[in-house]
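K.L.:
Would you mind keeping the following structure in view while I ask a few things?
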Amino acid sequence: MPKSRLQKLAERGQSIWIDNLSRQLAHGGGLQKLIDEYLVTGVTSNPTIFQKAIAEGDAYDDQLRVLLEETEDPREIFFRLAADDVRDACDVLRPVWERTDGGDGYVSIEVDPWLAYDTEGTFEQAIELHEAIDRPNLFVKIPATVAGLPAIEDCIARGRSINITLIFSLDRYRAVVEAYLRGLERLVAGGGDPKHVASVASFFVSRVDTEADRRLEELGNTKLQGRLGIANARLAYRHFEEVFSGPRWDFLAGKGATKQRPLWASTSTKNPAYRDVMYVEELIGPDTVNTMPPETVEAFADHGEVRGDTVREGVGKARRLLEKLREVGIDYDDVVETLEEEGVRKFTASFDELIDGIRSKRGALAAA
C-alpha cells in the first residue's frame, strides 16, 4: 500500500499538530480520529479557538452552572473550563507522548494574553496552569514579547515545558532560543533533570506575508510578494541547526536535554492566489512541527507534495530577499514589530470577547 502524503511528511521528521481544540473534539472521538487517520501528534489552542468553542452550542453549559455557584469571576471560570478540555486532550494524546518518549503528544494552553507585558504575572500563571492541569504532556504558551523572555527562562529553569508563541522576527527567535538554553543551564546547575522538559518555538509564517504583501502593494512592487514568510522561517531554521550543535548544546544534550523544535504557526494560506498548502510544502524538515487548522491538514492529505527537506533550501536566496525588500522600501524590523503588537491585540480582543461570552452565558443560564 503506498504511503500517504502525511506519512511522507512525518518521515521527514516533521510533526503534524492541529490548531484546534474543543470539548467535542476531545470527547467525541474527533481527536483520536485525527491521530489515527491524519497522524496528528499534538494540539494547540489560543483565546480565539476557545472563544469559538465556548460560544457555539451548549457543550459547556452544565459545567458553567456548577462553576457559577463557586465564583463569579469570568476569567477564573474560563481557565477552569479550558483546563478540563486541555487535561482531557492530554489524556487522549498520552499514548503518543509515551510512544515517542516525550518527543510528541503535547497539548498547549496559553496564559492570559493581558499578561503579555507582565513578566512576573506570566511566570506565576504559567506555573499555576502546569500545577492545575498536572499532565506531563502539557505545554503552557507564553508570548515572545520582551517581557515574556525572562518568564520563559524562569519556567524552563523550574522544569516546566513551554510553547513560545507569537515569534515573527529572527532577532526575537534568537532571544527565545537563548532563553531556553539559559533556562536549561540553570536547571542542570540546580540539580534538575532536563530530560523531562520540552519546548517549541512557534514561528509565525503566513501573517508575515500578509503584512509584507500589503506594503509591497502600496509600493507597486508585486513581484516580491508571497516570499518573505517562507524566507524568514528558513533563516530561523538555519539558526536552529547552528545553535543546537557544538559544545554548549552537546553538554546539555549529554544531561538529557532535548532540542527546542521550531513550530511553524499560521500556516493556512491567507491569500487565495497562493497554493493552499505552500506553507507546509516549503517548510518540511527534521525536528520541526507544523501546526495547521483542520482544513489545511485535509488539503495536504489530498494534494500536498513532499519533495525533501525544503526548509533547508534557498537560504542564500532568503538572505538576498531581505536585502531586496530593504532596497525597495520594506522595513523588516517595522513589519515584524507591527505583527507582534497586532498579534497581542488580536489575542487580547478574542480573550475579551470570550470573557464577555461567559458573562452572557451566565446571564442566560441564570434567567433559565
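We label chains A, B, ... in the order they appear in the C-alpha cells, count residues from 1 in each chain, and number ligands from 1 in the order shown.
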With only C-alpha atoms as the counted atoms, please give the residues lying no more than 9 Å from segment 231-241 of chain A, apart from itself and same-chain residues fewer than 5 positions off, as a list in words.
P.N.:
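Here the qualifying residues turn out to be Phe168, Ser169, Leu170, Tyr173, Arg174, Val177, Phe203, Phe204, Val205, Val208, Lys259, Gln260, Arg261, Pro262, Trp264, Glu282, Leu283, Thr288, Thr310, Val311, Arg312, Glu313, Gly314, Val315, Lys317, Ala318, Arg319, Leu321 and Leu322 of chain A.
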K.L.:
Give me, as a list in words, all polymer residues having an atom no more than 9 Å from segment 54-70 of chain A, counting only C-alpha atoms and skipping those fewer than 3 positions away in the same chain.
P.N.:
Ser22, Arg23, Gln24, Ile49, Phe50, Gln51, Asp73, Pro74, Ile77, Arg80, Leu81, Leu354, Gly357, Ile358, Lys361, Arg362, Leu365 and Ala366 of chain A
K.L.:
Save the residues we just selected, all heavy atoms, as a tab-separated table (two decimals), in the first residue's frame?
P.N.:
```tsv
chain	number	residue	atom	x	y	z
A	22	SER	N	-11.55	21.72	21.26
A	22	SER	CA	-12.87	21.95	21.82
A	22	SER	C	-13.25	20.73	22.64
A	22	SER	O	-12.63	19.66	22.52
A	22	SER	CB	-13.91	22.18	20.72
A	22	SER	OG	-14.12	20.98	19.98
A	23	ARG	N	-14.26	20.87	23.46
A	23	ARG	CA	-14.72	19.76	24.27
A	23	ARG	C	-15.22	18.62	23.38
A	23	ARG	O	-14.98	17.45	23.64
A	23	ARG	CB	-15.83	20.25	25.21
A	23	ARG	CG	-16.25	19.23	26.24
A	23	ARG	CD	-16.76	19.91	27.50
A	23	ARG	NE	-15.71	20.63	28.19
A	23	ARG	CZ	-15.86	21.23	29.39
A	23	ARG	NH1	-17.04	21.20	29.99
A	23	ARG	NH2	-14.86	21.85	29.96
A	24	GLN	N	-15.92	18.98	22.31
A	24	GLN	CA	-16.43	17.96	21.40
A	24	GLN	C	-15.28	17.19	20.74
A	24	GLN	O	-15.38	15.97	20.54
A	24	GLN	CB	-17.31	18.60	20.32
A	24	GLN	CG	-18.59	19.24	20.86
A	24	GLN	CD	-18.42	20.73	21.12
A	24	GLN	OE1	-17.35	21.17	21.56
A	24	GLN	NE2	-19.46	21.50	20.85
A	49	ILE	N	-9.48	30.35	19.53
A	49	ILE	CA	-10.02	29.00	19.39
A	49	ILE	C	-11.01	28.69	20.50
A	49	ILE	O	-12.11	28.17	20.26
A	49	ILE	CB	-8.86	27.97	19.37
A	49	ILE	CG1	-8.04	28.12	18.08
A	49	ILE	CG2	-9.39	26.55	19.50
A	49	ILE	CD1	-6.75	27.35	18.08
A	50	PHE	N	-10.66	29.03	21.74
A	50	PHE	CA	-11.56	28.76	22.85
A	50	PHE	C	-12.81	29.62	22.78
A	50	PHE	O	-13.91	29.18	23.15
A	50	PHE	CB	-10.85	28.97	24.19
A	50	PHE	CG	-10.16	27.76	24.71
A	50	PHE	CD1	-8.79	27.74	24.89
A	50	PHE	CD2	-10.87	26.60	25.01
A	50	PHE	CE1	-8.14	26.62	25.37
A	50	PHE	CE2	-10.23	25.46	25.49
A	50	PHE	CZ	-8.86	25.47	25.68
A	51	GLN	N	-12.66	30.85	22.30
A	51	GLN	CA	-13.83	31.72	22.19
A	51	GLN	C	-14.88	31.09	21.28
A	51	GLN	O	-16.08	31.07	21.60
A	51	GLN	CB	-13.40	33.09	21.66
A	51	GLN	CG	-14.49	34.15	21.68
A	51	GLN	CD	-15.36	34.11	20.44
A	51	GLN	OE1	-14.88	33.81	19.36
A	51	GLN	NE2	-16.64	34.40	20.60
A	73	ASP	N	-16.13	35.22	38.88
A	73	ASP	CA	-15.02	35.75	38.10
A	73	ASP	C	-14.96	35.05	36.75
A	73	ASP	O	-14.63	33.86	36.68
A	73	ASP	CB	-13.70	35.54	38.85
A	73	ASP	CG	-12.51	36.14	38.12
A	73	ASP	OD1	-12.66	36.56	36.95
A	73	ASP	OD2	-11.41	36.18	38.71
A	74	PRO	N	-15.29	35.73	35.66
A	74	PRO	CA	-15.31	35.05	34.34
A	74	PRO	C	-13.94	34.55	33.91
A	74	PRO	O	-13.85	33.54	33.19
A	74	PRO	CB	-15.85	36.13	33.40
A	74	PRO	CG	-15.56	37.43	34.07
A	74	PRO	CD	-15.66	37.16	35.55
A	77	ILE	N	-13.44	31.27	35.67
A	77	ILE	CA	-14.34	30.30	35.04
A	77	ILE	C	-13.75	29.80	33.73
A	77	ILE	O	-13.72	28.59	33.46
A	77	ILE	CB	-15.73	30.92	34.80
A	77	ILE	CG1	-16.45	31.11	36.13
A	77	ILE	CG2	-16.57	30.06	33.86
A	77	ILE	CD1	-17.74	31.90	36.04
A	80	ARG	N	-10.78	27.43	34.23
A	80	ARG	CA	-11.20	26.13	34.75
A	80	ARG	C	-11.87	25.29	33.66
A	80	ARG	O	-11.67	24.08	33.56
A	80	ARG	CB	-12.10	26.31	35.97
A	80	ARG	CG	-11.30	26.80	37.18
A	80	ARG	CD	-12.17	27.10	38.37
A	80	ARG	NE	-12.79	25.90	38.94
A	80	ARG	CZ	-13.52	25.92	40.05
A	80	ARG	NH1	-13.73	27.06	40.70
A	80	ARG	NH2	-14.06	24.80	40.51
A	81	LEU	N	-12.66	25.95	32.81
A	81	LEU	CA	-13.24	25.25	31.65
A	81	LEU	C	-12.14	24.75	30.72
A	81	LEU	O	-12.13	23.59	30.29
A	81	LEU	CB	-14.18	26.18	30.89
A	81	LEU	CG	-15.50	26.60	31.54
A	81	LEU	CD1	-16.17	27.69	30.69
A	81	LEU	CD2	-16.44	25.42	31.71
A	354	LEU	N	-14.29	36.45	24.62
A	354	LEU	CA	-14.56	35.20	25.32
A	354	LEU	C	-15.14	35.47	26.70
A	354	LEU	O	-16.13	34.85	27.12
A	354	LEU	CB	-13.24	34.41	25.42
A	354	LEU	CG	-13.24	32.99	25.98
A	354	LEU	CD1	-12.02	32.25	25.44
A	354	LEU	CD2	-13.19	33.00	27.49
A	357	GLY	N	-18.55	36.63	26.45
A	357	GLY	CA	-19.42	35.50	26.14
A	357	GLY	C	-19.78	34.70	27.38
A	357	GLY	O	-20.91	34.24	27.53
A	358	ILE	N	-18.83	34.55	28.29
A	358	ILE	CA	-19.11	33.84	29.54
A	358	ILE	C	-20.08	34.64	30.39
A	358	ILE	O	-21.00	34.08	31.00
A	358	ILE	CB	-17.79	33.57	30.31
A	358	ILE	CG1	-16.97	32.51	29.57
A	358	ILE	CG2	-18.06	33.12	31.74
A	358	ILE	CD1	-15.61	32.26	30.16
A	361	LYS	N	-23.44	34.08	28.85
A	361	LYS	CA	-23.92	32.74	29.18
A	361	LYS	C	-24.41	32.70	30.64
A	361	LYS	O	-25.43	32.07	30.94
A	361	LYS	CB	-22.80	31.73	29.00
A	361	LYS	CG	-22.53	31.33	27.56
A	361	LYS	CD	-23.20	30.00	27.23
A	361	LYS	CE	-22.79	29.48	25.87
A	361	LYS	NZ	-23.49	28.23	25.53
A	362	ARG	N	-23.66	33.39	31.49
A	362	ARG	CA	-24.05	33.43	32.89
A	362	ARG	C	-25.43	34.03	33.06
A	362	ARG	O	-26.28	33.49	33.79
A	362	ARG	CB	-23.01	34.24	33.69
A	362	ARG	CG	-23.32	34.36	35.18
A	362	ARG	CD	-22.20	35.10	35.90
A	362	ARG	NE	-22.05	36.46	35.38
A	362	ARG	CZ	-21.01	37.26	35.68
A	362	ARG	NH1	-20.02	36.81	36.41
A	362	ARG	NH2	-20.97	38.48	35.20
A	365	LEU	N	-28.08	31.56	31.58
A	365	LEU	CA	-28.30	30.40	32.44
A	365	LEU	C	-29.05	30.78	33.71
A	365	LEU	O	-29.90	30.03	34.19
A	365	LEU	CB	-26.97	29.74	32.78
A	365	LEU	CG	-26.24	29.05	31.63
A	365	LEU	CD1	-24.86	28.61	32.04
A	365	LEU	CD2	-27.04	27.88	31.10
A	366	ALA	N	-28.72	31.98	34.24
A	366	ALA	CA	-29.42	32.44	35.45
A	366	ALA	C	-30.89	32.69	35.15
A	366	ALA	O	-31.77	32.33	35.95
A	366	ALA	CB	-28.76	33.72	35.96
```
K.L.:
Please list as a PyMOL selection string every residue within 6 Å of Pro194 of chain A, counting only C-alpha atoms and excluding residues in the same chain fewer than 2 positions away.
P.N.:
chain A and resi 196-197+256-257
K.L.:
Could you state the separation of atom CA of Gly159 of chain A and atom CA of Tyr117 of chain A in Å, given to one decimal place?
P.N.:
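We find that atom CA of Gly159 of chain A and atom CA of Tyr117 of chain A lie 22.5 Å from each other.
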K.L.:
Counting only C-alpha atoms, which of A:Leu149, A:Ala10, A:Leu129, A:Leu93 gets nearest to Asp309 of chain A?
P.N.:
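Of the candidates, the smallest distance to Asp309 of chain A is held by A:Ala10.
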K.L.:
At a cut-off of 9 Å, using only C-alpha atoms, what residues contact Glu305 of chain A? Leave out same-chain residues fewer than 4 positions from it and give the result as a list in words.
P.N.:
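Listed by chain and then number, they are Arg5, Leu9, Val277, Val280, Glu281 and Phe300 of chain A.
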K.L.:
Ile167 of chain A: which residues within 9 Å, counting only C-alpha atoms, same-chain residues fewer than 6 positions away excluded, as a ChimeraX atom specification?
P.N.:
/A:143-145,173,176,201-204,336,340
K.L.:
Go ahead and write the selection's residues with N, CA, C and O atoms as a compact mmCIF listing (two decimals), in the first residue's frame.
P.N.:
```txt
# COMPACT_ATOMS: atom_id res chain seq x y z
N PRO A 143 3.82 34.29 25.19
CA PRO A 143 4.20 35.08 24.00
C PRO A 143 5.65 35.57 24.10
O PRO A 143 6.15 35.87 25.19
N ALA A 144 6.28 35.67 22.94
CA ALA A 144 7.69 36.04 22.87
C ALA A 144 7.90 37.54 22.88
O ALA A 144 8.69 38.08 22.10
N THR A 145 7.19 38.22 23.76
CA THR A 145 7.44 39.64 23.95
C THR A 145 8.73 39.81 24.75
O THR A 145 9.23 38.85 25.34
N TYR A 173 13.56 35.40 17.67
CA TYR A 173 13.73 33.95 17.70
C TYR A 173 15.06 33.59 18.36
O TYR A 173 15.13 32.67 19.20
N VAL A 176 14.65 33.91 22.02
CA VAL A 176 13.85 32.81 22.56
C VAL A 176 14.71 31.56 22.77
O VAL A 176 14.65 30.91 23.81
N ALA A 201 9.26 26.52 19.70
CA ALA A 201 9.28 27.96 19.42
C ALA A 201 8.38 28.21 18.22
O ALA A 201 8.71 27.84 17.09
N SER A 202 7.22 28.81 18.47
CA SER A 202 6.20 28.98 17.42
C SER A 202 6.49 30.20 16.58
O SER A 202 6.24 31.35 16.98
N PHE A 203 7.02 29.95 15.39
CA PHE A 203 7.43 30.99 14.45
C PHE A 203 6.31 31.16 13.42
O PHE A 203 5.98 30.24 12.68
N PHE A 204 5.73 32.37 13.37
CA PHE A 204 4.57 32.61 12.52
C PHE A 204 5.00 32.89 11.08
O PHE A 204 6.01 33.55 10.84
N VAL A 336 7.89 43.16 11.44
CA VAL A 336 7.77 42.15 12.49
C VAL A 336 7.32 42.76 13.81
O VAL A 336 6.59 42.12 14.58
N GLU A 340 3.91 41.64 15.86
CA GLU A 340 3.87 41.24 17.28
C GLU A 340 2.81 42.03 18.03
O GLU A 340 2.00 41.46 18.77
```
K.L.:
Atom CA of Thr71 of chain A and atom CA of Ser360 of chain A, how far apart in Å?
P.N.:
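Interatomic distance here is 15.1 Å.
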K.L.:
Between atom CA of Asp287 of chain A and atom CA of Gly308 of chain A, what distance in Å does the model show, to one decimal?
P.N.:
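Between these atoms lies a distance of 13.7 Å.
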